[in-house]
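The structure appears below as structure tokens.
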Amino acid sequence: MKTLAARYSTYDVPQKAMEAGIYPYFRPISSEQDTEVFINGKKVLMFGSNCYLGLATHPKVKEAARQAVEQYGTSCSGSRFLNGTLDIHVELEEKLARLVGKEEAICYSTGFQANLGTIASLGGREDYLLLDAQNHASIIEGSRLSFSKVLKFAHNDMDSLESKLKICKPESIKLIVVDGVFSMEGDIAKLPDIVSLAKKYNASIMIDDAHSLGVLGKQGRGTASHFNLTEDVDLVMGTFSKSFASLGGFVAGDKEVINFLKHNARSLIFSASMTPASVASVSAAIDIMLTEPERIENLWKLTNYARKAFQDAGINTGKSETPIIPLYVRDNMKVLRIARNLLDEGIFVNPVIPPAVPKEDSLIRFSLMATHTFEQLDFAIDKIVKTFKTHEVFAVKVK
Ligand code: PMP
């Protein structure tokens, strides 16, 4: 056997899960990312998507992508830095900066790359990155590439954050980076407290709004808008793979910082730019979000209804306040079995086990789209509650 293959021939965790019939990953979906999808020729209800506004299937978004392909082709064949900037990239950046209330924005090809390139390039050896322990993996990866000292504070724990700020040198850059909405737990960063601490210790704030745009704030403008603290946040990062029904990411902030990132962030400079279709679909999705506020209203009605129903049934939904509703199981094998059973019952949810969460926090991640119907929701809640009961999760009550 070749060396590499020999080394990894003993890695068989996925194969064991497949043999047990509970392997949940890489399931091919053969339809659009809608409230119903087709898997293996069977229709299942989708409660595991990040398409919060239901725009990935919107006729205007699709038409925008088609027109962009007609006008600009399928690829930019290079990075933004050299041959890969289109006029529509620049227009989108202006729109994004206005959306989140910042001077300028720069788009990366994914949200992961936006965090990676931004966090890795801001700050030197004498500076600090202060990260919430539950931050997204892309923030962690960025911090691993950074020369700055990395200090992690306990999840949403302001005493812990302050204890870390206290040990930083006063004259250094201290960049606090947090998810606005935490991607697995669905809780919201305590931005007002973070802002107070940042002022006290002269720190800067970067907020990852991957799950906040289209969900929180005035017209879906994100976490800072939600708390009316736009001026106090230095950098807003977002992704296009969720509410904005596309692929890509951005960072917005003061023009001086964006100028630096444009010429130094390696995941931007050395990677091809967003495709024309991706750019055009984000732009169309933002326009729809701003002109059809009923989508966000509906998303919240569904969210509040679902959270209450799960809680009434005795399922622990943690500290979730958003359309991401964690249903805590706290047992990895049970999580995988529940996800499998639910798929057989026609419901797609995401099983979340380490490393995405600590092992004692494994959960079923249930997420909503503005386009779900209450009928679909009732059907899913009923099946989920019954399945939790069958698997003896907590004090689940079944009527
Ligand atoms: N940040 C957060 C909080 C995320 O949840 C994600 C995607 N799961 C990303 C960043 C990365 O975004 P993208 O999918 O655009 O790479």
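Each chain of the structure tokens is named A, B, ... in the order shown, its residues numbered from 1; ligands are numbered from 1 in display order.
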
Considering only C-alpha atoms, return as a PyMOL selection string whatever protein or nucleic-acid residues lie within 8 Å of Ile29 (chain A), sequence-local ones (same chain, fewer than 2 positions apart) excluded.
chain A and resi 27+31-32+37-40

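Look at Arg66 (chain A): the protein and nucleic acid residues within 9 Å of it, using only C-alpha atoms and passing over chain neighbours fewer than 4 places away, are Val61, Lys62, Glu70, Gln71, Ala277 and Ala280 of chain A.
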
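Our summary of the geometry notes that CA of Ser278 (chain A) is positioned 11.2 Å from CA of Cys76 (chain A).
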
Neighbour list for region 163-172 of chain A as a VMD selection string, cut-off 7 Å, only C-alpha atoms, skip fewer than 3 positions in-chain:
chain A and resid 126 to 127 151 159 to 160 201

So which residues touch Arg221 (chain A) within 9 Å, counting only C-alpha atoms, skipping near sequence neighbours fewer than 5 positions away, as a ChimeraX atom specification?
/A:99-101,212-216,226

Save out the residues we just selected, all heavy atoms, as a tab-separated table (two decimals), in the first residue's frame.
chain	number	residue	atom	x	y	z
A	99	LEU	N	-25.44	48.61	3.66
A	99	LEU	CA	-26.34	47.72	4.41
A	99	LEU	C	-25.95	47.65	5.88
A	99	LEU	O	-26.81	47.70	6.76
A	99	LEU	CB	-26.32	46.31	3.79
A	99	LEU	CG	-27.27	45.31	4.41
A	99	LEU	CD1	-28.70	45.56	3.93
A	99	LEU	CD2	-26.87	43.87	4.07
A	100	VAL	N	-24.66	47.51	6.15
A	100	VAL	CA	-24.24	47.34	7.55
A	100	VAL	C	-23.73	48.63	8.17
A	100	VAL	O	-23.20	48.62	9.29
A	100	VAL	CB	-23.20	46.19	7.70
A	100	VAL	CG1	-23.79	44.87	7.26
A	100	VAL	CG2	-21.91	46.49	6.94
A	101	GLY	N	-23.85	49.73	7.44
A	101	GLY	CA	-23.52	51.04	8.00
A	101	GLY	C	-22.03	51.29	8.20
A	101	GLY	O	-21.61	51.91	9.17
A	212	SER	N	-26.71	36.26	11.36
A	212	SER	CA	-27.49	37.41	11.83
A	212	SER	C	-28.07	38.21	10.68
A	212	SER	O	-29.16	38.78	10.81
A	212	SER	CB	-26.61	38.34	12.67
A	212	SER	OG	-25.69	37.62	13.43
A	213	LEU	N	-27.36	38.27	9.55
A	213	LEU	CA	-27.87	39.04	8.42
A	213	LEU	C	-29.14	38.37	7.90
A	213	LEU	O	-29.20	37.14	7.78
A	213	LEU	CB	-26.81	39.13	7.31
A	213	LEU	CG	-25.61	40.00	7.68
A	213	LEU	CD1	-24.47	39.79	6.70
A	213	LEU	CD2	-26.00	41.48	7.72
A	214	GLY	N	-30.15	39.16	7.65
A	214	GLY	CA	-31.42	38.59	7.21
A	214	GLY	C	-32.26	38.07	8.36
A	214	GLY	O	-33.37	37.59	8.16
A	215	VAL	N	-31.72	38.15	9.55
A	215	VAL	CA	-32.42	37.59	10.73
A	215	VAL	C	-32.61	38.67	11.79
A	215	VAL	O	-33.72	38.91	12.26
A	215	VAL	CB	-31.60	36.41	11.31
A	215	VAL	CG1	-32.22	35.90	12.60
A	215	VAL	CG2	-31.49	35.27	10.29
A	216	LEU	N	-31.50	39.33	12.17
A	216	LEU	CA	-31.53	40.32	13.25
A	216	LEU	C	-31.41	41.74	12.69
A	216	LEU	O	-30.85	41.94	11.62
A	216	LEU	CB	-30.35	40.11	14.20
A	216	LEU	CG	-30.31	38.88	15.10
A	216	LEU	CD1	-29.06	38.96	15.98
A	216	LEU	CD2	-31.55	38.78	15.97
A	226	HIS	N	-29.27	45.40	15.43
A	226	HIS	CA	-30.22	44.87	16.43
A	226	HIS	C	-30.06	45.60	17.77
A	226	HIS	O	-31.03	45.91	18.45
A	226	HIS	CB	-29.95	43.37	16.59
A	226	HIS	CG	-30.69	42.69	17.69
A	226	HIS	ND1	-32.03	42.44	17.65
A	226	HIS	CD2	-30.26	42.21	18.90
A	226	HIS	CE1	-32.40	41.82	18.76
A	226	HIS	NE2	-31.35	41.68	19.54

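Residues of protein or nucleic acid lying within 7 Å of ligand 1, counting only C-alpha atoms and all ligand atoms, are Thr110, Gly111, Phe112, Gln113, Asn115, Asn135, His136, Ser138, Asp179, Phe182, Ser183, Asp208, Asp209, Ala210, His211, Thr239, Phe240, Ser241, Leu247, Gly248 and Gly249 of chain A.
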
Assign secondary structure with DSSP using the backbone only, and return the residues of region 247-387 of chain A in alpha helix (DSSP H) as a ChimeraX atom specification.
/A:255-264,266-269,276-291,294-312,332-344,374-387

Write out as a ChimeraX atom specification the set of residues from region 109-330 of chain A that DSSP, computed on the backbone, places in strand (DSSP E).
/A:128-132,149-153,174-179,204-208,235-239,249-253,324-328

Quick one: write out the picked residues with C-alpha atoms as a compact mmCIF listing (two decimals), in the first residue's frame?
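Saved to part00.txt:
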# COMPACT_ATOMS: atom_id res chain seq x y z
CA TYR A 128 -4.08 40.22 20.84
CA LEU A 129 -7.07 38.34 19.50
CA LEU A 130 -9.79 37.72 22.07
CA LEU A 131 -12.12 34.96 20.95
CA ASP A 132 -15.34 33.53 22.35
CA LYS A 149 -1.48 36.29 20.90
CA VAL A 150 -4.77 34.39 21.08
CA LEU A 151 -6.83 34.60 24.28
CA LYS A 152 -10.04 32.59 24.47
CA PHE A 153 -12.80 33.58 26.86
CA LYS A 174 -6.93 44.03 21.16
CA LEU A 175 -9.40 42.62 18.64
CA ILE A 176 -12.44 40.96 20.19
CA VAL A 177 -14.00 38.56 17.66
CA VAL A 178 -17.41 37.02 18.26
CA ASP A 179 -20.19 35.34 16.30
CA SER A 204 -11.71 46.78 18.85
CA ILE A 205 -14.65 44.56 17.89
CA MET A 206 -15.23 42.27 14.91
CA ILE A 207 -18.60 40.58 14.65
CA ASP A 208 -19.30 37.52 12.49
CA LEU A 235 -15.67 45.21 11.58
CA VAL A 236 -18.75 43.38 10.38
CA MET A 237 -18.15 40.07 8.62
CA GLY A 238 -20.89 38.24 6.74
CA THR A 239 -21.41 35.28 4.48
CA GLY A 249 -18.40 36.45 2.15
CA PHE A 250 -17.39 39.98 3.08
CA VAL A 251 -15.89 42.22 5.70
CA ALA A 252 -16.96 45.84 6.17
CA GLY A 253 -15.36 48.57 8.27
CA ILE A 324 -31.32 28.23 14.99
CA ILE A 325 -32.93 26.02 17.63
CA PRO A 326 -30.63 23.48 19.30
CA LEU A 327 -32.45 20.44 20.66
CA TYR A 328 -30.03 19.12 23.27

So what do you get for CA of Met18 (chain A) versus CA of Ile315 (chain A), distance-wise?
27.8 Å
